[in-house]
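The block underneath contains the structure these notes are about, expressed in structure tokens.
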Amino acid sequence: MPVPWFLLSLALGRSPVVLSLERLVGPQDVARCSPGLSCHLWDGDVICLPGSIMSAPGPVLVPTRLQTELLLRCYQETDCDLCVRVAVHLAVHASLQAQVMLSFQAYSTARCVLLEVQVPATLVQPGQSVGSVVFDCFEAALGSEVRIWSYTQPRYQKELNLTQQLPVLPWLNVSANGDDVRLVLDVSEEQQFGLSLYWNQVPGPSKSLWHRNLTGPQTITLNHTDLLPCLCIQVWPLKPDSTRTSTCPFSEDPRAYQNLWLVAQLQLLPPRGWRLDAPCSVPAMATLCWQAPGRGPCQPLVPPLLQENVTVNKVLEFPLLKGHPNLCVQVSNWENVQLQECLWADSLGPLKNDMLLVETRGPHDNKSLCALEPSGCTPLPSKGSTRAARLGEQLLRDMQLGQCVQLWDEDPGALWACPMDKYIHKRWALVWLACLLFAAVLFLLFLIKKDHVKAAARSRAALLLYSADDASFERLVGALASALCQLPLRVAVDLWSRRELSALGPLAWFHAQRRQTLQEGGTVVLLFSPGAVALCCEWMQDRTSAPGARGPHDAFAASLSCVLPDFLQGRAPGRYVGAYFDTLLHPDAVPALFRTVPVFSLPSQLPDFIGTLQGPGAPRSGRLAERAEQVSRALQPSLDSCFRPPAGPGDSRDGTRVGT
């Protein structure tokens, strides 16, 4: 059963082609016809006697065209010989039956075979093809020249003939496996041959890379990075005066061209030379371009460097008068730029902020100038809005005064490089001045705002007055004071001033704290509890004398003599606020006298309470709610520890009703 075998071989001429070869198993010759025809191959070879051409007595079947195909006839898995398949195309000129002779000649070999072919009457169309007959096959040696004739017996027309040069190259299969490329040489085990890998450099001599004398079959592994378009393979039999045959199987491989551009180098050779170094010749063009500082593309200049095929490994000259660091060379593969180098960057320094002027000369000594910019070449003078248009008059004056450097001068025109530093310095001086002025204004506003914020933070103070009902309530007041200090507020509470309170006395300490708090624009907070309500009711029932302090640290009782007159005389609004814990006191329990100022339920009204204490400098509602949530979380443990049902109006701290 023939097995498809995809191999690379060398056919006629020097160019490699890919053939789809079959393996024929066994030594027998066979013949087969196209559908509709019947054919028979005579056993054994016959004598080749074409004879003279005779006149056809009527319609005859004659060969019209020969076609050959190379095959492998294999006697064992690794023992194969080259053979030639012959296809004979037939047409009816008369008879429906013919004896077709095939004659084969090669060096030291000559054979003739006879095929009988019959055509059914339904296919007879005089002058038109009726099908073909295929013969497998004539064996031939590698590198031999074979000649094939075909004619009928008797012969009614001139015989067909075909001459073919068979390849010398052993059968070579090229396959890829990941990053490796395998060269599989399928030859018999006894056949010896030489194999060489080399770069076919044009121009210049070939460069040998690898040479071995081998006995087939062989598998050679190459890394995919070794593939280049000019990587060629040369093979020859190890016999005296043998013919060497070469093929370059990667000349059209895209991977090979990618590798070529990776190893190619563009060398710039002072004063005005350049060279493209590469192991292979490559279809590419070179252009001179102008690279402005920044990330923009290099803009091609044509002229002075013409777009033409580049000769590799050869020094070329720029037609320039002077070099410039912004002049660069681009080498492209007709589609994309592959290499770019700026002229002598090491010797001429970094890119300059120069403007390139392109001078074009027309008939009658007409000249025109344009400035090369990213948007194109801007005519000078111009009324456009680009930088060159705004500075057009100055650039023309600089060129007339000899301040521009001429880089190229030939019949079509010239190139000039004009320095732009002086214009850039003027512009940037104004920009820097404006930036410094703007920064000074921002800094001044920042200082003013900072001082205002600091002043606002310092001016907001709060004095907490409460009745020390029990230890758990005192802990709750301490938690509230600590939480308010984080807002930030300056909080004064007798819990934190016991030593000062003992030294001055409750009344003197209260007067000092109240005066300082009000002078700073702060607020006095009356924190109502059942005990505080009872003390206020007791004072209002007997207004001739205020109740005395219940202890050495009871500032609340001592403060009533000053606090209550402020409420009675209408001085409390803006200075005082009230507050109570909604789990400890009923809202109606707060005496009516103290409701002339805002009274807040804690923690449910914490946002409003905090906003009032912080005054105009209070943050926005979102931030205020966040701070209130922080204070509420700080209060919750102390609230849980001293929870009891809120007292109603008239309830005293011992649970008895008090009159109003």
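How things are named: the first chain in the structure tokens is A, the next is B, and so on; residues count from 1 in each chain; ligands count from 1 in the order shown.
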
Item to check | Polymer residues at most 12 Å from A:Arg387, only C-alpha atoms, same-chain spacing of 3 or more positions, as an MDAnalysis selection string | outcome: chainID A and resid 355 371:375 377:384 390:395 420 423:424 427

Produce a file of the selected residues containing N, CA and C atoms, as a compact mmCIF listing (two decimals), in the first residue's frame.
# COMPACT_ATOMS: atom_id res chain seq x y z
N MET A 355 15.37 73.02 14.97
CA MET A 355 14.33 72.97 13.96
C MET A 355 15.00 72.72 12.60
N ALA A 371 9.49 74.22 7.56
CA ALA A 371 10.05 73.71 8.82
C ALA A 371 9.42 72.36 9.12
N LEU A 372 10.26 71.37 9.37
CA LEU A 372 9.77 70.00 9.62
C LEU A 372 9.26 69.90 11.05
N GLU A 373 7.96 69.58 11.18
CA GLU A 373 7.31 69.40 12.48
C GLU A 373 6.57 68.06 12.48
N PRO A 374 6.12 67.58 13.67
CA PRO A 374 5.39 66.31 13.70
C PRO A 374 4.16 66.28 12.80
N SER A 375 3.53 67.43 12.60
CA SER A 375 2.33 67.49 11.76
C SER A 375 2.65 67.59 10.28
N CYS A 377 5.52 69.44 7.14
CA CYS A 377 6.48 70.51 6.85
C CYS A 377 5.71 71.82 6.70
N THR A 378 5.90 72.74 7.64
CA THR A 378 5.16 74.00 7.69
C THR A 378 5.85 75.05 6.82
N PRO A 379 5.17 75.59 5.79
CA PRO A 379 5.81 76.62 4.94
C PRO A 379 6.18 77.85 5.76
N LEU A 380 7.30 78.48 5.37
CA LEU A 380 7.76 79.71 6.03
C LEU A 380 7.82 80.82 4.99
N PRO A 381 7.24 82.01 5.34
CA PRO A 381 6.44 82.29 6.54
C PRO A 381 5.04 81.72 6.41
N SER A 382 4.37 81.58 7.58
CA SER A 382 3.04 80.99 7.61
C SER A 382 2.24 81.65 8.71
N LYS A 383 0.92 81.62 8.56
CA LYS A 383 0.02 82.18 9.57
C LYS A 383 -0.63 81.10 10.42
N GLY A 384 -0.04 79.91 10.43
CA GLY A 384 -0.60 78.81 11.21
C GLY A 384 -0.36 78.99 12.69
N ARG A 390 4.67 80.30 14.35
CA ARG A 390 4.79 81.47 15.23
C ARG A 390 6.20 82.07 15.18
N LEU A 391 7.20 81.23 14.99
CA LEU A 391 8.58 81.71 14.97
C LEU A 391 9.14 81.81 13.56
N GLY A 392 8.25 81.83 12.55
CA GLY A 392 8.71 81.79 11.17
C GLY A 392 9.65 82.92 10.81
N GLU A 393 9.30 84.16 11.15
CA GLU A 393 10.15 85.31 10.81
C GLU A 393 11.50 85.21 11.49
N GLN A 394 11.51 84.80 12.77
CA GLN A 394 12.78 84.67 13.49
C GLN A 394 13.66 83.60 12.86
N LEU A 395 13.06 82.45 12.45
CA LEU A 395 13.85 81.38 11.85
C LEU A 395 14.46 81.81 10.52
N MET A 420 17.02 76.19 18.59
CA MET A 420 15.80 76.76 19.17
C MET A 420 15.95 77.07 20.65
N TYR A 423 14.77 80.56 21.99
CA TYR A 423 13.32 80.77 22.04
C TYR A 423 12.69 79.93 23.15
N ILE A 424 13.22 78.76 23.35
CA ILE A 424 12.69 77.90 24.40
C ILE A 424 12.98 78.50 25.77
N ARG A 427 10.55 81.34 26.49
CA ARG A 427 9.20 80.84 26.80
C ARG A 427 9.15 80.19 28.17

Item to check | Shell around stretch 219-233 of chain A at 7 Å using only C-alpha atoms, local window under 2 positions removed, as a VMD selection string | outcome: chain A and resid 179 to 185 196 to 201 235 246 to 253 256 to 257 259 to 260 280

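Shortest atom-to-atom contact with A:Gly611 among A:Gln569, A:Thr517, A:Gln218, A:Thr523: A:Thr523, counting only C-alpha atoms.
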
Item to check | Nearby residues (only C-alpha atoms) at most 7 Å from A:Phe135, same-chain spacing under 3 positions excluded, as a list of chain:residue names | outcome: A:Val30, A:Ala31, A:Arg32, A:Arg85, A:Val86, A:Ala87

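Distance check against A:Trp539 using only C-alpha atoms: of A:Pro488, A:Pro591, A:Gly574, A:Gly413, the minimum falls on A:Pro591.
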
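Among A:Leu262, A:Leu480, A:Ala292, A:Val599, the residue with the shortest atom-to-atom distance to A:Pro279, counting only C-alpha atoms, is A:Leu262.
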
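Proximity to A:Leu495 was assessed for A:Ala555, A:Cys39, A:Ala462, A:Val100 counting only C-alpha atoms; the smallest distance is recorded for A:Ala555.
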
Next on the checklist: I'd like to know which residues of stretch 90-288 of chain A are strand (DSSP E) (by DSSP, run on the backbone); could you write them as an MDAnalysis selection string?
Outcome noted: chainID A and resid 90:94 97:106 109:118 129:139 145:152 160:165 171:177 180:186 192:199 207:215 218:223 231:237 245:247 265:269 273:277 285:288
